[in-house]
Structure formats: structure tokens, C-alpha cells
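To be precise, the following lines are target_6.cif, and they hold mmCIF, C-alpha atoms.
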data_work
loop_
_atom_site.label_atom_id
_atom_site.label_comp_id
_atom_site.auth_asym_id
_atom_site.auth_seq_id
_atom_site.Cartn_x
_atom_site.Cartn_y
_atom_site.Cartn_z
CA MET A 1406 160.67 108.12 102.93
CA LYS A 1407 158.10 105.75 104.45
CA THR A 1408 157.28 108.26 107.18
CA LEU A 1409 156.34 110.98 104.69
CA ALA A 1410 154.19 108.45 102.82
CA VAL A 1411 152.34 107.62 106.05
CA LEU A 1412 151.87 111.33 106.77
CA SER A 1413 150.56 112.04 103.29
CA ARG A 1414 148.08 109.15 103.31
CA SER A 1415 146.67 110.38 106.62
CA CYS A 1416 146.35 113.90 105.19
CA THR A 1417 143.30 113.12 103.05
CA ARG A 1418 141.58 116.38 104.02
CA PHE A 1419 144.46 118.40 102.61
CA ARG A 1420 145.47 116.34 99.55
CA VAL A 1421 144.24 119.19 97.34
CA TRP A 1422 147.47 120.96 98.35
CA LEU A 1423 149.68 117.91 97.89
CA SER A 1424 151.45 116.64 94.79
CA LYS A 1425 148.83 115.30 92.35
CA GLY A 1426 145.92 114.88 94.74
CA THR A 1427 145.63 111.09 94.33
CA ASN A 1428 146.18 108.35 96.87
CA GLU A 1429 148.28 106.40 94.37
CA CYS A 1430 150.77 109.28 94.14
CA LEU A 1431 150.85 109.82 97.90
CA SER A 1432 151.67 106.17 98.54
CA ALA A 1433 154.63 106.44 96.12
CA LEU A 1434 156.39 109.24 98.00
CA CYS A 1435 159.20 106.92 99.03
CA LEU A 1436 159.97 106.14 95.37
CA SER A 1437 159.98 109.47 93.54
CA ALA A 1438 162.00 112.59 94.36
CA LYS A 1439 159.58 114.63 92.25
CA THR A 1440 156.62 113.37 94.27
CA ARG A 1441 158.42 114.12 97.53
CA GLN A 1442 159.05 117.64 96.27
CA GLY A 1443 155.36 118.01 95.43
CA ALA A 1444 154.33 116.78 98.88
CA LEU A 1445 156.71 119.20 100.60
CA ASP A 1446 155.43 122.10 98.51
CA GLY A 1447 151.84 121.07 99.23
CA LEU A 1448 152.42 120.96 102.97
CA LYS A 1449 154.16 124.35 102.80
CA THR A 1450 151.15 125.89 101.05
CA ALA A 1451 148.75 124.31 103.53
CA MET A 1452 150.66 125.56 106.57
CA ALA A 1453 151.11 129.04 105.10
CA THR A 1454 147.39 129.51 104.42
CA ARG A 1455 145.64 127.59 107.23
CA ILE A 1456 145.92 127.01 110.97
CA LEU A 1457 146.49 123.25 111.28
CA TYR A 1458 147.61 122.96 114.90
CA GLU A 1459 145.59 119.86 115.84
CA PHE A 1460 146.45 118.04 112.62
CA ILE A 1461 150.17 118.84 113.03
CA SER A 1462 150.32 118.05 116.76
CA GLU A 1463 149.14 114.50 116.12
CA ARG A 1464 151.84 113.96 113.46
CA ARG A 1465 154.61 116.25 114.72
CA MET A 1466 157.30 113.59 115.04
CA THR A 1467 156.44 112.12 111.66
CA ILE A 1468 156.72 115.51 109.92
CA THR A 1469 159.94 116.32 111.78
CA ASP A 1470 161.49 112.99 110.81
CA SER A 1471 160.50 113.57 107.17
CA ILE A 1472 162.04 117.07 107.15
CA GLU A 1473 165.25 115.71 108.69
CA ARG A 1474 165.53 112.98 106.07
CA CYS A 1475 164.91 115.43 103.23
CA LEU A 1476 167.56 117.81 104.59
CA LYS A 1477 170.14 115.04 104.99
CA LYS A 1478 169.50 112.93 101.90
CA GLY A 1479 167.67 115.21 99.49
CA LYS A 1480 169.19 117.53 96.92
CA GLY A 1481 168.72 121.14 95.91
CA GLU A 1482 165.06 122.11 95.74
CA GLU A 1483 163.99 119.29 98.06
CA GLN A 1484 166.35 120.52 100.80
CA ARG A 1485 165.25 124.12 100.34
CA ALA A 1486 161.58 123.13 100.58
CA ALA A 1487 162.29 121.07 103.71
CA ALA A 1488 164.08 124.03 105.35
CA SER A 1489 161.09 126.29 104.68
CA LEU A 1490 158.67 123.64 105.91
CA ALA A 1491 160.61 123.44 109.19
CA CYS A 1492 159.96 127.16 109.77
CA LEU A 1493 156.28 126.86 108.96
CA LEU A 1494 156.02 123.90 111.33
CA CYS A 1495 157.49 126.00 114.17
CA ILE A 1496 155.18 128.91 113.30
CA GLN A 1497 152.17 126.58 113.49
CA LEU A 1498 153.25 125.04 116.81
CA GLY A 1499 154.23 128.39 118.34
CA SER A 1500 156.69 128.99 121.14
CA GLY A 1501 156.58 126.01 123.49
CA ILE A 1502 157.76 122.48 124.22
CA GLU A 1503 156.52 121.06 120.92
CA SER A 1504 158.43 123.48 118.70
CA GLU A 1505 161.48 123.23 121.00
CA GLU A 1506 161.60 119.47 120.44
CA VAL A 1507 161.27 119.94 116.68
CA PHE A 1508 164.09 122.48 116.67
CA LYS A 1509 166.39 120.35 118.84
CA THR A 1510 166.16 117.65 116.19
CA LEU A 1511 166.70 119.95 113.21
CA LYS A 1512 169.19 122.52 114.59
CA PRO A 1513 172.29 120.28 114.26
CA VAL A 1514 171.34 119.46 110.66
CA PHE A 1515 170.85 123.15 109.85
CA LYS A 1516 174.20 124.10 111.36
CA ASN A 1517 176.05 121.29 109.57
CA ILE A 1518 174.68 122.41 106.20
CA LEU A 1519 175.41 126.06 106.95
CA ALA A 1520 179.04 125.29 107.85
CA ASP A 1521 179.61 122.91 104.92
CA GLY A 1522 181.39 124.86 102.19
CA SER A 1523 180.84 122.02 99.72
CA ALA A 1524 177.05 122.03 100.13
CA ASN A 1525 174.74 123.54 97.52
CA ILE A 1526 175.04 127.32 97.96
CA GLN A 1527 171.32 127.93 97.44
CA VAL A 1528 170.49 125.33 100.09
CA ARG A 1529 172.85 127.10 102.49
CA GLN A 1530 171.06 130.39 101.70
CA ALA A 1531 167.69 128.82 102.54
CA VAL A 1532 169.06 127.24 105.73
CA ALA A 1533 170.56 130.58 106.85
CA THR A 1534 167.10 132.17 106.65
CA SER A 1535 165.25 129.22 108.20
CA LEU A 1536 167.69 128.80 111.09
CA GLY A 1537 167.20 132.43 112.09
CA LEU A 1538 163.40 132.26 112.31
CA CYS A 1539 163.33 128.81 113.92
CA THR A 1540 165.73 130.11 116.58
CA LEU A 1541 163.50 133.12 117.23
CA VAL A 1542 160.41 130.92 117.62
CA ALA A 1543 161.69 127.76 119.27
CA GLU A 1544 165.05 128.32 121.01
CA ASP A 1545 164.64 128.15 124.81
CA ASP A 1546 168.12 129.27 125.92
CA ILE A 1547 169.45 132.79 125.28
CA MET A 1548 173.04 131.44 125.30
CA ASP A 1549 172.12 129.07 122.47
CA VAL A 1550 170.65 132.06 120.62
CA HIS A 1551 174.00 133.81 121.01
CA ALA A 1552 175.84 130.71 119.73
CA THR A 1553 173.65 130.66 116.62
CA MET A 1554 174.32 134.36 116.08
CA GLU A 1555 178.05 133.58 116.14
CA CYS A 1556 177.48 131.07 113.33
CA PHE A 1557 175.89 133.85 111.26
CA GLU A 1558 178.72 136.23 112.17
CA GLY A 1559 181.19 133.69 110.84
CA LEU A 1560 179.55 134.10 107.43
CA PHE A 1561 178.64 137.76 106.90
CA THR A 1562 181.85 139.10 108.47
CA ARG A 1563 183.71 137.55 105.53
CA SER A 1564 182.24 140.40 103.48
CA TYR A 1565 183.91 143.00 105.72
CA VAL A 1566 186.80 144.96 104.22
CA LYS A 1567 190.12 143.34 105.13
CA GLU A 1568 192.67 144.97 107.42
CA ASP A 1569 194.78 146.01 104.41
CA GLY A 1570 191.78 147.91 103.00
CA THR A 1571 190.96 145.45 100.19
CA ARG A 1572 187.47 144.12 99.61
CA PRO A 1573 187.13 140.30 99.45
CA ALA A 1574 186.23 138.98 96.00
CA MET A 1575 183.18 136.70 95.96
CA GLY A 1576 180.42 135.69 93.59
CA PRO A 1577 176.81 136.86 93.78
CA GLN A 1578 175.59 133.56 95.29
CA THR A 1579 178.10 133.78 98.15
CA THR A 1580 177.15 137.42 98.72
CA GLN A 1581 173.49 136.37 98.93
CA LEU A 1582 174.43 133.74 101.53
CA HIS A 1583 176.16 136.43 103.59
CA THR A 1584 173.14 138.73 103.15
CA ASN A 1585 170.74 136.04 104.43
CA ALA A 1586 173.05 135.37 107.37
CA LEU A 1587 173.14 139.11 108.20
CA LEU A 1588 169.33 139.39 108.09
CA SER A 1589 168.90 136.34 110.36
CA TRP A 1590 171.51 137.77 112.73
CA ALA A 1591 169.60 141.07 112.79
CA LEU A 1592 166.37 139.18 113.55
CA LEU A 1593 167.97 137.60 116.61
CA LEU A 1594 169.25 141.00 117.75
CA THR A 1595 165.63 141.77 118.63
CA ILE A 1596 165.66 139.21 121.49
CA CYS A 1597 169.22 139.79 122.80
CA THR A 1598 169.88 140.87 126.38
CA ALA A 1599 171.22 144.35 127.14
CA SER A 1600 174.71 143.02 127.97
CA GLN A 1601 174.87 141.09 124.68
CA LEU A 1602 173.76 144.18 122.75
CA LYS A 1603 176.51 146.28 124.33
CA ASP A 1604 179.15 143.79 123.20
CA ILE A 1605 177.63 143.60 119.70
CA LEU A 1606 177.51 147.39 119.36
CA HIS A 1607 181.16 147.65 120.32
CA LYS A 1608 182.22 144.81 118.02
CA HIS A 1609 180.10 145.27 114.90
CA LEU A 1610 178.69 148.79 114.61
CA PRO A 1611 182.07 150.28 113.53
CA LYS A 1612 182.44 147.56 110.85
CA LEU A 1613 178.92 147.21 109.44
CA PRO A 1614 179.21 150.49 107.43
CA MET A 1615 181.84 148.68 105.32
CA LEU A 1616 179.03 146.57 103.86
CA LEU A 1617 177.32 149.73 102.55
CA GLU A 1618 180.02 149.79 99.85
CA SER A 1619 179.11 146.32 98.55
CA GLU A 1620 178.39 145.94 94.84
CA ASP A 1621 175.25 143.94 95.68
CA VAL A 1622 172.14 146.06 96.32
CA ASN A 1623 170.58 143.46 98.65
CA MET A 1624 173.68 143.44 100.83
CA ARG A 1625 173.73 147.26 100.97
CA ILE A 1626 170.05 147.36 101.98
CA ALA A 1627 170.45 144.58 104.57
CA ALA A 1628 173.43 146.40 106.08
CA GLY A 1629 171.56 149.72 106.15
CA GLU A 1630 168.48 148.25 107.85
CA THR A 1631 170.67 146.40 110.36
CA ILE A 1632 172.50 149.64 111.24
CA ALA A 1633 169.14 151.40 111.74
CA LEU A 1634 167.99 148.51 113.97
CA LEU A 1635 171.18 148.70 116.06
CA PHE A 1636 170.78 152.45 116.53
CA GLU A 1637 167.17 151.94 117.63
CA LEU A 1638 168.11 149.24 120.16
CA ALA A 1639 171.07 151.29 121.42
CA ARG A 1640 168.86 154.34 122.02
CA VAL A 1641 166.31 152.22 123.89
CA MET A 1642 169.09 151.20 126.27
CA ASP A 1643 170.65 154.67 126.42
CA SER A 1644 168.80 157.74 125.15
CA GLU A 1645 172.15 159.60 125.03
CA PHE A 1646 173.84 156.96 122.86
CA GLU A 1647 176.56 158.37 120.59
CA PHE A 1648 178.55 156.80 117.77
CA ASP A 1649 182.11 158.03 117.22
CA GLU A 1650 181.92 157.83 113.40
CA TRP A 1651 178.41 159.27 113.20
CA ASP A 1652 179.27 162.02 110.66
CA ASP A 1653 181.01 159.62 108.24
CA LEU A 1654 178.13 157.16 108.54
CA CYS A 1655 175.53 159.86 107.79
CA ASP A 1656 177.54 160.93 104.73
CA LYS A 1657 177.52 157.35 103.41
CA LEU A 1658 173.81 156.94 104.05
CA SER A 1659 173.01 160.28 102.43
CA ALA A 1660 175.02 159.30 99.33
CA LEU A 1661 173.08 156.02 99.04
CA ALA A 1662 169.77 157.82 99.54
CA THR A 1663 170.57 160.04 96.52
CA ASP A 1664 172.60 157.52 94.48
CA CYS A 1665 172.88 158.46 90.79
CA ASN A 1666 175.53 155.97 89.64
CA LYS A 1667 174.82 155.17 85.99
CA HIS A 1668 176.24 151.65 86.17
CA ARG A 1669 173.48 150.56 88.58
CA ALA A 1670 170.06 149.38 87.42
CA LYS A 1671 167.22 151.87 87.76
CA THR A 1672 165.10 149.46 89.82
CA ASP A 1673 168.00 148.86 92.21
CA LYS A 1674 168.59 152.59 92.63
CA ARG A 1675 164.89 153.29 93.21
CA LYS A 1676 164.64 150.55 95.83
CA GLN A 1677 167.88 151.63 97.49
CA ARG A 1678 166.96 155.31 97.68
CA SER A 1679 163.62 154.54 99.31
CA VAL A 1680 165.21 152.34 101.99
CA PHE A 1681 168.15 154.62 102.74
CA ARG A 1682 165.99 157.71 103.13
CA ASP A 1683 164.33 155.86 106.02
CA VAL A 1684 167.65 154.55 107.36
CA LEU A 1685 169.16 158.06 107.31
CA LYS A 1686 166.19 159.42 109.29
CA ALA A 1687 166.62 156.61 111.80
CA VAL A 1688 170.31 157.36 112.35
CA GLU A 1689 170.02 161.16 112.32
CA GLU A 1690 166.70 161.70 114.09
CA GLY A 1691 165.73 158.37 115.62
CA ASP A 1692 162.64 158.44 113.38
CA PHE A 1693 160.76 155.58 111.69
CA GLN A 1694 158.38 155.80 108.73
CA SER A 1695 155.43 153.88 110.15
CA GLU A 1696 153.28 151.58 108.04
CA SER A 1697 149.75 150.36 108.69
CA ILE A 1698 148.84 146.73 107.93
CA ARG A 1699 145.15 145.95 107.55
CA PHE A 1700 143.84 142.40 108.04
CA GLY A 1701 140.19 141.50 108.39
CA THR A 1702 138.56 144.09 110.64
CA GLU A 1703 141.84 144.99 112.38
CA ARG A 1704 144.90 147.13 111.76
CA MET A 1705 148.48 146.79 112.95
CA THR A 1706 151.09 149.54 112.84
CA ILE A 1707 154.71 148.75 111.99
CA ASP A 1708 156.30 151.62 113.90
CA THR A 1709 159.80 150.38 114.82
CA TRP A 1710 162.73 148.69 113.08
CA VAL A 1711 162.32 145.77 115.49
CA ARG A 1712 158.75 145.23 114.33
CA LYS A 1713 159.72 145.64 110.68
CA ARG A 1714 162.50 143.04 110.84
CA THR A 1715 160.20 140.61 112.68
CA TYR A 1716 157.27 141.18 110.31
CA ASP A 1717 159.47 140.78 107.20
CA ALA A 1718 160.90 137.52 108.56
CA PHE A 1719 157.48 135.93 109.11
CA ARG A 1720 156.09 137.24 105.82
CA GLU A 1721 158.98 135.64 103.91
CA PHE A 1722 157.65 132.21 104.86
CA VAL A 1723 153.87 132.62 104.99
CA GLY A 1724 153.72 135.02 102.01
CA SER A 1725 150.17 135.91 101.04
CA GLY A 1726 148.92 134.03 104.10
CA MET A 1727 150.40 136.66 106.45
CA ASN A 1728 147.09 138.49 106.90
CA TYR A 1729 145.35 135.23 107.74
CA HIS A 1730 148.00 134.36 110.34
CA LEU A 1731 147.75 137.84 111.84
CA GLN A 1732 144.03 137.19 112.30
CA ALA A 1733 144.09 133.58 113.50
CA ASN A 1734 147.56 132.47 114.62
CA GLU A 1735 147.77 132.95 118.41
CA PHE A 1736 151.56 132.83 118.45
CA ILE A 1737 152.04 135.52 115.76
CA ARG A 1738 149.37 137.68 117.39
CA ASP A 1739 151.27 137.34 120.65
CA VAL A 1740 154.55 138.36 118.96
CA PHE A 1741 152.91 141.55 117.66
CA GLU A 1742 150.89 142.12 120.86
CA LEU A 1743 147.52 141.89 119.11
CA GLY A 1744 145.75 139.95 121.85
CA PRO A 1745 143.63 136.82 121.35
CA PRO A 1746 142.06 136.24 117.89
CA MET A 1747 138.88 138.22 117.30
CA LEU A 1748 135.82 136.10 116.54
CA VAL A 1749 133.71 137.81 113.87
CA ASP A 1750 130.89 135.78 112.31
CA SER A 1751 130.41 135.82 108.55
CA ALA A 1752 127.13 137.77 108.74
CA THR A 1753 128.78 140.61 110.69
CA LEU A 1754 131.76 140.65 108.36
CA LYS A 1755 129.48 140.78 105.32
CA ALA A 1756 127.51 143.67 106.81
CA MET A 1757 130.72 145.64 107.36
CA LYS A 1758 131.70 145.40 103.68
CA ILE A 1759 130.35 147.85 101.13
CA SER A 1760 128.98 146.50 97.88
CA ARG A 1761 131.00 146.47 94.68
CA PHE A 1762 128.72 149.12 93.12
CA GLU A 1763 129.10 151.42 96.15
CA ARG A 1764 132.86 151.01 96.02
CA HIS A 1765 132.80 151.91 92.29
CA LEU A 1766 130.79 155.09 92.96
CA TYR A 1767 133.14 156.11 95.76
CA ASN A 1768 136.25 155.56 93.60
CA SER A 1769 134.71 157.52 90.69
CA ALA A 1770 133.89 160.49 92.92
CA ALA A 1771 137.37 160.45 94.45
CA PHE A 1772 138.98 160.31 91.00
CA LYS A 1773 136.91 163.26 89.77
CA ALA A 1774 137.73 165.36 92.84
CA ARG A 1775 141.43 164.54 92.53
CA THR A 1776 141.48 165.51 88.84
CA LYS A 1777 139.82 168.88 89.57
CA ALA A 1778 142.29 169.61 92.34
CA ARG A 1779 145.27 168.80 90.16
CA ASN A 1780 144.00 170.90 87.23
CA LYS A 1781 144.26 174.03 89.34
CA PHE A 1782 148.02 173.57 89.65
CA ARG A 1783 148.83 172.46 86.11
CA ASP A 1784 150.49 174.90 83.70
CA LYS A 1785 148.05 176.39 81.20
CA ARG A 1786 149.14 176.04 77.61
CA VAL A 1787 149.28 179.36 75.74
CA ASP A 1788 148.97 179.65 71.99
CA VAL A 1789 152.00 181.37 70.52
CA GLY A 1790 151.35 183.22 67.29
CA GLU A 1791 153.76 183.71 64.42
CA PHE A 1792 155.76 186.91 64.12
#
Do you think you could lay out the structure here as C-alpha cells?
Amino acid sequence: MKTLAVLSRSCTRFRVWLSKGTNECLSALCLSAKTRQGALDGLKTAMATRILYEFISERRMTITDSIERCLKKGKGEEQRAAASLACLLCIQLGSGIESEEVFKTLKPVFKNILADGSANIQVRQAVATSLGLCTLVAEDDIMDVHATMECFEGLFTRSYVKEDGTRPAMGPQTTQLHTNALLSWALLLTICTASQLKDILHKHLPKLPMLLESEDVNMRIAAGETIALLFELARVMDSEFEFDEWDDLCDKLSALATDCNKHRAKTDKRKQRSVFRDVLKAVEEGDFQSESIRFGTERMTIDTWVRKRTYDAFREFVGSGMNYHLQANEFIRDVFELGPPMLVDSATLKAMKISRFERHLYNSAAFKARTKARNKFRDKRVDVGEF
């Protein structure tokens, strides 16, 4: 891992995010798997919370080579961290020649791991998620996008009910792999051509409702959101779109939106009901429960299933740094049509914020008003005397 050691030594400005923060440790990256893991995690944190385009551009090939080596020769956690770092690298570089070259190097490695049934199942799960986002950001050929989607189809379709009506038996880790593949496939649906979407609707929409019967709550939710996304895309192409098994599908979605099965965990049922209420509205009425995201002095509205799937995919990798990237990352702002980054100086930003004391007074007044309003509708207790 000499290349990663060279990269880490040159990254003096950011060593606070790296393994132990000492030059001695950074120079030993080629000797210790634990130190390599720390360096990968440090770079992930740095890329998720800062815009490092110039720093990364100068060392792009070095970082790419290090990720490739970790994916090929590392184990478990190291491979998973390298897969995530590959996505963050593409997010930092944006959609262009640089990220395309990175992805051309890493795509064959990703696909080999994904197709290898003997590989660590959790690594395959991470690769399924990373391959989807890297394809969205860096793939330059729509036919190659379709080929990658077929790789994902080869996984999640194994969860479909068989022709004889039986459901395939598989463990929770395999089901999670199929769920990740389905979500990445749904992400790439958002950039498909109209002709590809027509073929996909014909091939998969009649079968996807089978996944709503899965024992795994994450698979049920992923299937439901993918169905809602397909209906949205179909109606964009054809406002008169109709689905032959619409009534049966609505019955299934309604049952999941009001699920009371005692053998399911309360948290799973609560999460499922919330999602499937929205999915049912999407299928029945073409409606979407919009959500407003506030970052800095701006707001963004998530008002379609396409936007939701895209936003969720990016947030999975940048985590708490999503708001920062929405403010400063030109590529992500372009994806969500936010325009160029807004330049607001610190003095202006400080003037726009209310003081802590003012915020406390406002919250106290709001709490008091809310309590008075609620008291009017509460049942009055009545003393009951003895007879």
C-alpha cells in the first residue's frame, strides 16, 4: 500500500481526520491493516464534510489506485470502506472526465465482487450500493447504465416468487443484498430513456408486487418505493397510464399501510405504515408528500419520488454533511437544480440568525399558546360523588 502511504503523507492539512494523526502512523500504512482502515475512514469523513476538489484532483490516480488495491486485496471492513470512499471520490469530482476515468478503473472490480457468490456478503451489499451511485455520477454511456441495471436485476429478481408459487428461502444477509441491489436499480431508473422505461415497466411492474410479501421490512419498503417511482415515471411519459392489476396492487398497499400483524416489531410496523401511506397515495392519486430541506439560508423541496430516491442515495454516503454539500458542492447543486453556490459572508449570516435568548422567548411563547389551545379540547374531569 505504498501509494496510500504517499497520499497520506501529503495530506498533512487533513491528518486530523486520518488514523492517529501522526506522521509515524501515516508512513506505516503499508504495514498495518488497522492503520489502512483508519486512513480510509479518515478520508471518508474528510470528503463527506468538506469540498476538497483541488486536493483530490492532484492525487486522483493515487487515491483510485489505493481504493482498487483495498477492494482487491483487503478484507471485510476495509473493502466496505474502500467502496464508500469510491462514491465520495466521484461525488467530489462531479460528472466529468475525471470521475469517468476513476469509474472505468473501479467498475470491473465492483462487478466482479458483486457477481462473486463466495465473497463476503456484507462487502457485496456495500458494493451494490456504491456501484449504483457511481454509475449515476460517472457513467458516460446509457447502454452501460442499462448493463449495470441488468447486473442488479440478476440479484433482486431472485427474491421474486417462483413460477410454482413458492417463495425462495434465503437468509437476512442475502435479502439485504437483494434490497440494496433493488434500491440501486431504482436509482438508475431516474436516468433511463423512455424506450428503456417502457421495457422495464412491461417486464418488472407485474412482478415487483411479489416483493411486498417479503418477511423483511426493508425489502417491503424498497419494493413499495420502487413501485411508486415506476408509476411516477410512467405517468410522466403517459398521463393516461394504466396498470392491469391496479386493484390488487392497491389492496396490497392498503393492507401494508394499516398492518397490524402481531408477529412484527412495533418499530417496523410504524416505519412501514408511514411509507406505505405515501406509496398508496402515489399509486392511487399520483400524489407525493413533499418535504422541505433547509440548508444555510436556502430551502429545497423534495416533491417527487425521483428526487427522493436521488436525495436518499447521496445522503447515505455524505450523512450529516449533506447540508454542506447542498450549499457548496456544484455537482450536487446541479443535480437538484439549485444553481451556483450562494456566497454569503459570515457577517451577513450572523446578522440573519436570532440570538439564543430570543429563540428561547419565542419557543416559550409558542409552547404557552399551544397548551392553551389544546386545553380547550381536552375532556374536563368531573367529580363523581358516592350514592
Note to self: Rounded to one decimal, what separation in Å do you get between atom CA of A:Asn1734 and atom CA of A:Trp1590?
What the structure shows: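 About the pair atom CA of A:Asn1734 and atom CA of A:Trp1590: they are 24.6 Å apart.
Atom CA of A:Gln1484 to atom CA of A:Thr1715 spans 24.1 Å [interatomic distance, one decimal].
Remark: for A:Asp1649, the closest of the candidate residues A:Ile1626, A:Ala1662, A:Leu1606, A:Ala1774 is A:Leu1606 (distances computed over only C-alpha atoms).
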Checklist line | Residues matched by the PyMOL selection byres ((chain A and resi 1499) around 12) as a ChimeraX atom specification | finding: /A:1456-1458,1461-1462,1492-1498,1500-1508,1538-1544,1730,1734-1740
Note to self: Using Å and a single decimal, report how far atom CA of A:Thr1631 sits from atom CA of A:Glu1482.
What the structure shows: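 These two atoms are separated by 28.9 Å.
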Next item on the list: With the file shown as input, list the residues that the PyMOL selection byres ((chain A and resi 1477) around 12) selects, as number ranges by chain.
Entry: A: 1406, 1470-1476, 1478-1481, 1483-1485, 1487-1488, 1511, 1513-1518, 1524, 1528
Next item on the list: Would you mind telling me which residue in A:Val1566, A:Leu1588, A:Met1575, A:Leu1445 lies nearest to A:Leu1617 when using all atoms listed in the file?
Entry: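 With all atoms listed in the file as the atom set, the closest residue is A:Val1566.
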Item checked: Residues returned when the PyMOL selection byres ((chain A and resi 1614) around 8) runs on this file, as an MDAnalysis selection string -> chainID A and resid 1610:1613 1615:1618 1628:1629 1632 1654
Note to self: If we count all atoms listed in the file and set the cut-off at 12 Å, which residues sit around A:Asp1683, ignoring sequence neighbours fewer than 6 positions away in its own chain? Please answer as a ChimeraX atom specification.
What the structure shows: /A:1626,1629-1630,1632-1634,1658-1659,1661-1662,1676-1677,1689-1695,1709-1710
Same residues, C-alpha atoms, output as an mmCIF file, in the coordinates of the input:
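Printed below is again_16.cif as written:
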data_model
loop_
_atom_site.group_PDB
_atom_site.id
_atom_site.type_symbol
_atom_site.label_atom_id
_atom_site.label_comp_id
_atom_site.auth_asym_id
_atom_site.auth_seq_id
_atom_site.Cartn_x
_atom_site.Cartn_y
_atom_site.Cartn_z
ATOM 1 C CA ILE A 1626 170.050 147.360 101.980
ATOM 2 C CA GLY A 1629 171.560 149.720 106.150
ATOM 3 C CA GLU A 1630 168.480 148.250 107.850
ATOM 4 C CA ILE A 1632 172.500 149.640 111.240
ATOM 5 C CA ALA A 1633 169.140 151.400 111.740
ATOM 6 C CA LEU A 1634 167.990 148.510 113.970
ATOM 7 C CA LEU A 1658 173.810 156.940 104.050
ATOM 8 C CA SER A 1659 173.010 160.280 102.430
ATOM 9 C CA LEU A 1661 173.080 156.020 99.040
ATOM 10 C CA ALA A 1662 169.770 157.820 99.540
ATOM 11 C CA LYS A 1676 164.640 150.550 95.830
ATOM 12 C CA GLN A 1677 167.880 151.630 97.490
ATOM 13 C CA GLU A 1689 170.020 161.160 112.320
ATOM 14 C CA GLU A 1690 166.700 161.700 114.090
ATOM 15 C CA GLY A 1691 165.730 158.370 115.620
ATOM 16 C CA ASP A 1692 162.640 158.440 113.380
ATOM 17 C CA PHE A 1693 160.760 155.580 111.690
ATOM 18 C CA GLN A 1694 158.380 155.800 108.730
ATOM 19 C CA SER A 1695 155.430 153.880 110.150
ATOM 20 C CA THR A 1709 159.800 150.380 114.820
ATOM 21 C CA TRP A 1710 162.730 148.690 113.080
#
Note to self: Around the point (154.1, 131.9, 105.5) (coordinates from the file), which residues reach within 12 Å if we count only C-alpha atoms? Answer as a ChimeraX atom specification.
What the structure shows: /A:1448-1456,1489-1497,1535,1538,1716-1731,1734,1737
Write a file of the selected residues as a PDB file, in the frame of the given file, keeping C-alpha atoms.
ATOM      1  CA  LEU A1448     152.420 120.960 102.970  1.00  0.00           C
ATOM      2  CA  LYS A1449     154.160 124.350 102.800  1.00  0.00           C
ATOM      3  CA  THR A1450     151.150 125.890 101.050  1.00  0.00           C
ATOM      4  CA  ALA A1451     148.750 124.310 103.530  1.00  0.00           C
ATOM      5  CA  MET A1452     150.660 125.560 106.570  1.00  0.00           C
ATOM      6  CA  ALA A1453     151.110 129.040 105.100  1.00  0.00           C
ATOM      7  CA  THR A1454     147.390 129.510 104.420  1.00  0.00           C
ATOM      8  CA  ARG A1455     145.640 127.590 107.230  1.00  0.00           C
ATOM      9  CA  ILE A1456     145.920 127.010 110.970  1.00  0.00           C
ATOM     10  CA  SER A1489     161.090 126.290 104.680  1.00  0.00           C
ATOM     11  CA  LEU A1490     158.670 123.640 105.910  1.00  0.00           C
ATOM     12  CA  ALA A1491     160.610 123.440 109.190  1.00  0.00           C
ATOM     13  CA  CYS A1492     159.960 127.160 109.770  1.00  0.00           C
ATOM     14  CA  LEU A1493     156.280 126.860 108.960  1.00  0.00           C
ATOM     15  CA  LEU A1494     156.020 123.900 111.330  1.00  0.00           C
ATOM     16  CA  CYS A1495     157.490 126.000 114.170  1.00  0.00           C
ATOM     17  CA  ILE A1496     155.180 128.910 113.300  1.00  0.00           C
ATOM     18  CA  GLN A1497     152.170 126.580 113.490  1.00  0.00           C
ATOM     19  CA  SER A1535     165.250 129.220 108.200  1.00  0.00           C
ATOM     20  CA  LEU A1538     163.400 132.260 112.310  1.00  0.00           C
ATOM     21  CA  TYR A1716     157.270 141.180 110.310  1.00  0.00           C
ATOM     22  CA  ASP A1717     159.470 140.780 107.200  1.00  0.00           C
ATOM     23  CA  ALA A1718     160.900 137.520 108.560  1.00  0.00           C
ATOM     24  CA  PHE A1719     157.480 135.930 109.110  1.00  0.00           C
ATOM     25  CA  ARG A1720     156.090 137.240 105.820  1.00  0.00           C
ATOM     26  CA  GLU A1721     158.980 135.640 103.910  1.00  0.00           C
ATOM     27  CA  PHE A1722     157.650 132.210 104.860  1.00  0.00           C
ATOM     28  CA  VAL A1723     153.870 132.620 104.990  1.00  0.00           C
ATOM     29  CA  GLY A1724     153.720 135.020 102.010  1.00  0.00           C
ATOM     30  CA  SER A1725     150.170 135.910 101.040  1.00  0.00           C
ATOM     31  CA  GLY A1726     148.920 134.030 104.100  1.00  0.00           C
ATOM     32  CA  MET A1727     150.400 136.660 106.450  1.00  0.00           C
ATOM     33  CA  ASN A1728     147.090 138.490 106.900  1.00  0.00           C
ATOM     34  CA  TYR A1729     145.350 135.230 107.740  1.00  0.00           C
ATOM     35  CA  HIS A1730     148.000 134.360 110.340  1.00  0.00           C
ATOM     36  CA  LEU A1731     147.750 137.840 111.840  1.00  0.00           C
ATOM     37  CA  ASN A1734     147.560 132.470 114.620  1.00  0.00           C
ATOM     38  CA  ILE A1737     152.040 135.520 115.760  1.00  0.00           C
TER      39      ILE A1737
END
Check: Using all atoms listed in the file, which residue out of A:Met1624, A:Ala1639, A:Ala1552, A:Leu1602 lies closest to A:Thr1580?
Finding: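 Of all the options, A:Met1624 lies closest to A:Thr1580.
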Next item on the list: May I ask which of the residues A:Val1711, A:Ile1547, A:Met1705, A:Leu1582 is the closest one to A:Gln1527, counting all atoms listed in the file?
Entry: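 Looking at the shortest contact to A:Gln1527, the residue is A:Leu1582.
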